[in-house]
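Novice: First, the structure itself, so that you have it in front of you.
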Amino acid sequence: MNILETGKLVVVRGGGDLATGVIQKLHRVGFKLLVLEVEQPLAIRRSVAICEAMYDGFANVEDIAARRISDLDEISACFAAGQVPVFADPKGDAIFKLSPIAVVDAILAKRNINTHKGMAPITIALGPGFSAPQDVSAVIETKRGHDLGRLILNGGALPNTGIPGEIGGKSAERVLHAPAAGLIKHIRKIGDIVEKDEPIFQVGQTIVHAPFCGLIRGLIREGIAVQKGLKLADVDPRTDVDVNTISDKARCLGGAVLEALLHLGRDL
């Protein structure tokens, strides 16, 4: 039987911008999905992250409509409305209540936050911190380059270097971090084009400036209490990028997860 024909649930842990690329791909082909998130997600590219439903109740990214639910009994109503349910469950307790056909770890924490093969017949993890087939059924490479999106059935993804992938000749300098602990206040917004040294946001009394001329592609939610060093914003040197559409990387990872589900689900 085809894995789609089972009609069973796929649980996706994480609803950030890269996870949203996975969610869109699976939703479009007909999988029933439940997204598990933390109570207060810290997404940067909020305009393309369905985890924003945790704050606003609803989130729309391209053709995906997501709704926060407070009880697992609301899942069926979401499906009937064509929505993707998003539920606060960082530990994944709902997984064992619902017995999904597959679990996809798309948290992108660069480490394993308690995802294991006992959760479902198929388990897939994105990025470093996992080894197949010991921890999960398959691992997806997330590092930009020749192997991006590669399905790994024996081994793990490349180690985290801590250096963002290069875009438009810019790498580490395009990511802005909290200079101190405190509340973040926006000066500019996602989608704005800024000049070098122009103020973008402030944490407490410290203002953070644009490192170069570019487009604000990501900016953490205003009013969040942040710790020093936390990633808060992303400036893209390309000023023609649509900040409201899913990225090439996220789409690639979505395709890889779909490949993994179909490959591993052939014999279920």
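Labels used: A, B, ... for chains in the order of the structure tokens, numbers from 1 for residues in each chain, and numbers from 1 for ligands as shown.
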Near range 178-186 of chain A, within 10 Å and counting only C-alpha atoms, which residues show up once chain neighbours fewer than 3 positions away are dropped, as a list in words?

Specialist: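 Final neighbour list, sorted by chain and number: Lys189, Ile190, Pro199, Ile200, Phe201, Gln202, Val203, Gly204, Gln205, Thr206, Ile207, Val208, Leu219, Ile220, Arg221, Glu222, Gly223, Ile224, Ala225, Val226, Gln227, Lys228, Gly229, Leu230, Lys231, Leu232 and Ala233 of chain A.
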
Novice: Name the residues in contact with Ala106 in chain A at a cut-off of 8 Å, using only C-alpha atoms, excluding same-chain residues fewer than 5 positions from it; report them as number ranges by chain.

Specialist: A: 12-15, 18-19, 125-126

Novice: Which neighbours of Leu98 in chain A fall inside 12 Å, counting only C-alpha atoms, when residues of the same chain fewer than 5 positions from it are skipped, and could you give them as a PyMOL selection string?

Specialist: chain A and resi 8-11+33-34+72-73+75+92-93+103+119-120

Novice: Could you dump the residues just selected with N, CA, C and O atoms as a PDB file, in the first residue's frame?

Specialist:
```
ATOM      1  N   LYS A   8      -2.865   7.864   7.369  1.00  0.00           N
ATOM      2  CA  LYS A   8      -2.353   8.142   8.710  1.00  0.00           C
ATOM      3  C   LYS A   8      -1.609   9.470   8.781  1.00  0.00           C
ATOM      4  O   LYS A   8      -1.182  10.023   7.777  1.00  0.00           O
ATOM      5  N   LEU A   9      -1.444   9.932   9.999  1.00  0.00           N
ATOM      6  CA  LEU A   9      -0.871  11.236  10.286  1.00  0.00           C
ATOM      7  C   LEU A   9       0.650  11.250  10.138  1.00  0.00           C
ATOM      8  O   LEU A   9       1.324  10.272  10.429  1.00  0.00           O
ATOM      9  N   VAL A  10       1.169  12.417   9.703  1.00  0.00           N
ATOM     10  CA  VAL A  10       2.602  12.702   9.773  1.00  0.00           C
ATOM     11  C   VAL A  10       2.774  13.869  10.731  1.00  0.00           C
ATOM     12  O   VAL A  10       2.146  14.921  10.565  1.00  0.00           O
ATOM     13  N   VAL A  11       3.616  13.695  11.734  1.00  0.00           N
ATOM     14  CA  VAL A  11       3.894  14.757  12.702  1.00  0.00           C
ATOM     15  C   VAL A  11       5.206  15.424  12.327  1.00  0.00           C
ATOM     16  O   VAL A  11       6.219  14.758  12.107  1.00  0.00           O
ATOM     17  N   LEU A  33      -1.210  16.360   8.347  1.00  0.00           N
ATOM     18  CA  LEU A  33      -0.078  16.836   9.142  1.00  0.00           C
ATOM     19  C   LEU A  33      -0.516  17.430  10.468  1.00  0.00           C
ATOM     20  O   LEU A  33      -1.566  18.067  10.568  1.00  0.00           O
ATOM     21  N   LEU A  34       0.334  17.234  11.466  1.00  0.00           N
ATOM     22  CA  LEU A  34       0.244  17.960  12.728  1.00  0.00           C
ATOM     23  C   LEU A  34       1.627  18.532  13.000  1.00  0.00           C
ATOM     24  O   LEU A  34       2.625  17.810  12.944  1.00  0.00           O
ATOM     25  N   LEU A  72      -6.026  18.321  21.087  1.00  0.00           N
ATOM     26  CA  LEU A  72      -5.846  17.418  19.949  1.00  0.00           C
ATOM     27  C   LEU A  72      -7.167  17.044  19.296  1.00  0.00           C
ATOM     28  O   LEU A  72      -7.192  16.633  18.128  1.00  0.00           O
ATOM     29  N   ASP A  73      -8.273  17.206  19.996  1.00  0.00           N
ATOM     30  CA  ASP A  73      -9.584  16.918  19.419  1.00  0.00           C
ATOM     31  C   ASP A  73      -9.944  17.879  18.284  1.00  0.00           C
ATOM     32  O   ASP A  73     -10.876  17.623  17.518  1.00  0.00           O
ATOM     33  N   ILE A  75      -8.014  18.589  15.767  1.00  0.00           N
ATOM     34  CA  ILE A  75      -7.284  18.247  14.550  1.00  0.00           C
ATOM     35  C   ILE A  75      -8.231  17.974  13.388  1.00  0.00           C
ATOM     36  O   ILE A  75      -8.041  18.471  12.272  1.00  0.00           O
ATOM     37  N   GLY A  92       6.887  16.458  22.493  1.00  0.00           N
ATOM     38  CA  GLY A  92       6.365  15.458  21.572  1.00  0.00           C
ATOM     39  C   GLY A  92       5.460  14.423  22.211  1.00  0.00           C
ATOM     40  O   GLY A  92       5.310  13.319  21.688  1.00  0.00           O
ATOM     41  N   ASP A  93       4.815  14.774  23.314  1.00  0.00           N
ATOM     42  CA  ASP A  93       3.948  13.812  24.002  1.00  0.00           C
ATOM     43  C   ASP A  93       2.786  13.355  23.117  1.00  0.00           C
ATOM     44  O   ASP A  93       2.327  12.209  23.219  1.00  0.00           O
ATOM     45  N   VAL A 103       7.306  10.622  11.737  1.00  0.00           N
ATOM     46  CA  VAL A 103       7.687  11.827  12.469  1.00  0.00           C
ATOM     47  C   VAL A 103       8.868  12.458  11.747  1.00  0.00           C
ATOM     48  O   VAL A 103       9.847  11.779  11.429  1.00  0.00           O
ATOM     49  N   MET A 119       9.279   6.459  17.875  1.00  0.00           N
ATOM     50  CA  MET A 119       8.135   7.363  17.766  1.00  0.00           C
ATOM     51  C   MET A 119       7.160   6.978  16.660  1.00  0.00           C
ATOM     52  O   MET A 119       5.967   7.292  16.736  1.00  0.00           O
ATOM     53  N   ALA A 120       7.661   6.352  15.594  1.00  0.00           N
ATOM     54  CA  ALA A 120       6.809   6.046  14.446  1.00  0.00           C
ATOM     55  C   ALA A 120       7.504   5.036  13.545  1.00  0.00           C
ATOM     56  O   ALA A 120       8.727   4.857  13.630  1.00  0.00           O
TER      57      ALA A 120
END
```

Novice: Point out the residue among A:Ile193, A:Leu262, A:Ala81, A:Ile187 with the least atom-to-atom distance to Arg67 in chain A, counting only C-alpha atoms.

Specialist: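 Closest to Arg67 in chain A, using only C-alpha atoms: A:Ala81.
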
Novice: Could you give me, as number ranges by chain, the residues within 8 Å of Val84 in chain A, counting only C-alpha atoms and dropping anything in the same chain fewer than 2 positions from it?

Specialist: A: 27, 33-35, 64-67, 78-79, 82, 86

Novice: Write out the residues from the selection above, keeping all heavy atoms, as a PDB file, in the first residue's frame.

Specialist:
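This is the output file part.pdb:
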```pdb
ATOM      1  N   HIS A  27       1.849  18.775   2.614  1.00  0.00           N
ATOM      2  CA  HIS A  27       0.437  19.168   2.601  1.00  0.00           C
ATOM      3  C   HIS A  27      -0.112  19.151   1.179  1.00  0.00           C
ATOM      4  O   HIS A  27      -1.233  18.671   0.931  1.00  0.00           O
ATOM      5  CB  HIS A  27       0.298  20.561   3.216  1.00  0.00           C
ATOM      6  CG  HIS A  27      -1.109  21.082   3.256  1.00  0.00           C
ATOM      7  ND1 HIS A  27      -2.091  20.543   4.043  1.00  0.00           N
ATOM      8  CD2 HIS A  27      -1.700  22.106   2.580  1.00  0.00           C
ATOM      9  CE1 HIS A  27      -3.224  21.208   3.878  1.00  0.00           C
ATOM     10  NE2 HIS A  27      -3.016  22.153   2.989  1.00  0.00           N
ATOM     11  N   LEU A  33      -1.210  16.360   8.347  1.00  0.00           N
ATOM     12  CA  LEU A  33      -0.078  16.836   9.142  1.00  0.00           C
ATOM     13  C   LEU A  33      -0.516  17.430  10.468  1.00  0.00           C
ATOM     14  O   LEU A  33      -1.566  18.067  10.568  1.00  0.00           O
ATOM     15  CB  LEU A  33       0.691  17.917   8.367  1.00  0.00           C
ATOM     16  CG  LEU A  33       1.236  17.565   6.986  1.00  0.00           C
ATOM     17  CD1 LEU A  33       1.875  18.798   6.353  1.00  0.00           C
ATOM     18  CD2 LEU A  33       2.260  16.447   7.092  1.00  0.00           C
ATOM     19  N   LEU A  34       0.334  17.234  11.466  1.00  0.00           N
ATOM     20  CA  LEU A  34       0.244  17.960  12.728  1.00  0.00           C
ATOM     21  C   LEU A  34       1.627  18.532  13.000  1.00  0.00           C
ATOM     22  O   LEU A  34       2.625  17.810  12.944  1.00  0.00           O
ATOM     23  CB  LEU A  34      -0.169  17.040  13.876  1.00  0.00           C
ATOM     24  CG  LEU A  34      -0.071  17.653  15.289  1.00  0.00           C
ATOM     25  CD1 LEU A  34      -1.072  18.793  15.454  1.00  0.00           C
ATOM     26  CD2 LEU A  34      -0.275  16.593  16.363  1.00  0.00           C
ATOM     27  N   VAL A  35       1.683  19.833  13.289  1.00  0.00           N
ATOM     28  CA  VAL A  35       2.952  20.496  13.577  1.00  0.00           C
ATOM     29  C   VAL A  35       3.049  20.746  15.083  1.00  0.00           C
ATOM     30  O   VAL A  35       2.118  21.292  15.686  1.00  0.00           O
ATOM     31  CB  VAL A  35       3.063  21.836  12.816  1.00  0.00           C
ATOM     32  CG1 VAL A  35       4.369  22.544  13.161  1.00  0.00           C
ATOM     33  CG2 VAL A  35       2.971  21.594  11.306  1.00  0.00           C
ATOM     34  N   ILE A  64      -0.573  27.757   2.247  1.00  0.00           N
ATOM     35  CA  ILE A  64      -0.796  27.005   3.483  1.00  0.00           C
ATOM     36  C   ILE A  64      -1.523  27.887   4.499  1.00  0.00           C
ATOM     37  O   ILE A  64      -1.075  28.996   4.793  1.00  0.00           O
ATOM     38  CB  ILE A  64       0.508  26.546   4.132  1.00  0.00           C
ATOM     39  CG1 ILE A  64       1.425  25.878   3.126  1.00  0.00           C
ATOM     40  CG2 ILE A  64       0.238  25.605   5.295  1.00  0.00           C
ATOM     41  CD1 ILE A  64       2.798  25.627   3.675  1.00  0.00           C
ATOM     42  N   ALA A  65      -2.598  27.369   5.037  1.00  0.00           N
ATOM     43  CA  ALA A  65      -3.295  28.023   6.146  1.00  0.00           C
ATOM     44  C   ALA A  65      -3.096  27.167   7.382  1.00  0.00           C
ATOM     45  O   ALA A  65      -3.445  25.981   7.391  1.00  0.00           O
ATOM     46  CB  ALA A  65      -4.776  28.185   5.839  1.00  0.00           C
ATOM     47  N   ALA A  66      -2.515  27.751   8.412  1.00  0.00           N
ATOM     48  CA  ALA A  66      -2.244  27.020   9.652  1.00  0.00           C
ATOM     49  C   ALA A  66      -3.040  27.636  10.790  1.00  0.00           C
ATOM     50  O   ALA A  66      -3.300  28.843  10.809  1.00  0.00           O
ATOM     51  CB  ALA A  66      -0.759  27.058   9.980  1.00  0.00           C
ATOM     52  N   ARG A  67      -3.451  26.787  11.728  1.00  0.00           N
ATOM     53  CA  ARG A  67      -4.206  27.272  12.886  1.00  0.00           C
ATOM     54  C   ARG A  67      -3.693  26.625  14.155  1.00  0.00           C
ATOM     55  O   ARG A  67      -3.467  25.407  14.191  1.00  0.00           O
ATOM     56  CB  ARG A  67      -5.701  26.963  12.721  1.00  0.00           C
ATOM     57  CG  ARG A  67      -6.549  27.366  13.939  1.00  0.00           C
ATOM     58  CD  ARG A  67      -8.013  27.424  13.593  1.00  0.00           C
ATOM     59  NE  ARG A  67      -8.623  26.133  13.364  1.00  0.00           N
ATOM     60  CZ  ARG A  67      -9.176  25.365  14.316  1.00  0.00           C
ATOM     61  NH1 ARG A  67      -9.139  25.766  15.578  1.00  0.00           N
ATOM     62  NH2 ARG A  67      -9.747  24.224  14.011  1.00  0.00           N
ATOM     63  N   CYS A  78      -9.609  21.032  11.724  1.00  0.00           N
ATOM     64  CA  CYS A  78      -8.596  21.683  10.887  1.00  0.00           C
ATOM     65  C   CYS A  78      -8.503  20.994   9.535  1.00  0.00           C
ATOM     66  O   CYS A  78      -8.475  21.645   8.485  1.00  0.00           O
ATOM     67  CB  CYS A  78      -7.238  21.646  11.580  1.00  0.00           C
ATOM     68  SG  CYS A  78      -7.011  22.865  12.886  1.00  0.00           S
ATOM     69  N   PHE A  79      -8.455  19.686   9.544  1.00  0.00           N
ATOM     70  CA  PHE A  79      -8.366  18.942   8.289  1.00  0.00           C
ATOM     71  C   PHE A  79      -9.582  19.223   7.403  1.00  0.00           C
ATOM     72  O   PHE A  79      -9.456  19.398   6.196  1.00  0.00           O
ATOM     73  CB  PHE A  79      -8.257  17.444   8.573  1.00  0.00           C
ATOM     74  CG  PHE A  79      -6.952  17.021   9.188  1.00  0.00           C
ATOM     75  CD1 PHE A  79      -6.852  15.799   9.839  1.00  0.00           C
ATOM     76  CD2 PHE A  79      -5.830  17.829   9.123  1.00  0.00           C
ATOM     77  CE1 PHE A  79      -5.649  15.388  10.405  1.00  0.00           C
ATOM     78  CE2 PHE A  79      -4.623  17.437   9.690  1.00  0.00           C
ATOM     79  CZ  PHE A  79      -4.538  16.211  10.332  1.00  0.00           C
ATOM     80  N   GLY A  82      -9.188  22.346   5.620  1.00  0.00           N
ATOM     81  CA  GLY A  82      -8.000  22.450   4.777  1.00  0.00           C
ATOM     82  C   GLY A  82      -6.833  23.132   5.466  1.00  0.00           C
ATOM     83  O   GLY A  82      -5.909  23.620   4.797  1.00  0.00           O
ATOM     84  N   VAL A  86      -1.422  23.433  14.406  1.00  0.00           N
ATOM     85  CA  VAL A  86      -0.154  23.680  15.098  1.00  0.00           C
ATOM     86  C   VAL A  86      -0.436  23.606  16.592  1.00  0.00           C
ATOM     87  O   VAL A  86      -1.340  24.284  17.096  1.00  0.00           O
ATOM     88  CB  VAL A  86       0.434  25.061  14.725  1.00  0.00           C
ATOM     89  CG1 VAL A  86       1.793  25.249  15.374  1.00  0.00           C
ATOM     90  CG2 VAL A  86       0.533  25.216  13.211  1.00  0.00           C
TER      91      VAL A  86
END
```

Novice: Any idea what the distance is between CA of Asn160 in chain A and CA of Gly127 in chain A?

Specialist: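 Taking CA of Asn160 in chain A as the start and CA of Gly127 in chain A as the end point, the length is 8.4 Å.
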
Novice: How many Å separate CA of Gly149 in chain A from CA of Ala109 in chain A?

Specialist: 16.9 Å

Novice: Find the residues of range 29-131 of chain A that sit at most 8 Å from range 136-141 of chain A; for each, write down the nearest two atoms and how far apart they are in Å, to one decimal. Count only C-alpha atoms. Sort by chain, then by number going up, and give it as a Markdown table.

Specialist:
```
| residue | atom | partner | partner_atom | distance |
| --- | --- | --- | --- | --- |
| A:Thr115 | CA | A:Val136 | CA | 7.6 |
| A:His116 | CA | A:Val136 | CA | 5.7 |
| A:Lys117 | CA | A:Val136 | CA | 5.0 |
| A:Ile122 | CA | A:Ser137 | CA | 6.0 |
| A:Thr123 | CA | A:Ser137 | CA | 5.1 |
| A:Ile124 | CA | A:Ala138 | CA | 4.9 |
| A:Ala125 | CA | A:Val139 | CA | 4.9 |
| A:Leu126 | CA | A:Ile140 | CA | 4.8 |
| A:Gly127 | CA | A:Glu141 | CA | 5.4 |
| A:Pro128 | CA | A:Glu141 | CA | 7.7 |
| A:Phe130 | CA | A:Val139 | CA | 6.9 |
| A:Ser131 | CA | A:Val136 | CA | 6.6 |
```

Novice: Smallest atom-to-atom distance to Arg266 in chain A: which of A:Ser47, A:Thr6, A:Gln24, A:Gln40, using only C-alpha atoms?

Specialist: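 Of A:Ser47, A:Thr6, A:Gln24, A:Gln40, the one nearest Arg266 in chain A is A:Thr6, counting only C-alpha atoms.
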
Novice: Write out as a count of residues only the residues lying within 6 Å of Ile216 in chain A, counting only C-alpha atoms and excluding same-chain residues fewer than 3 positions away.

Specialist: 4
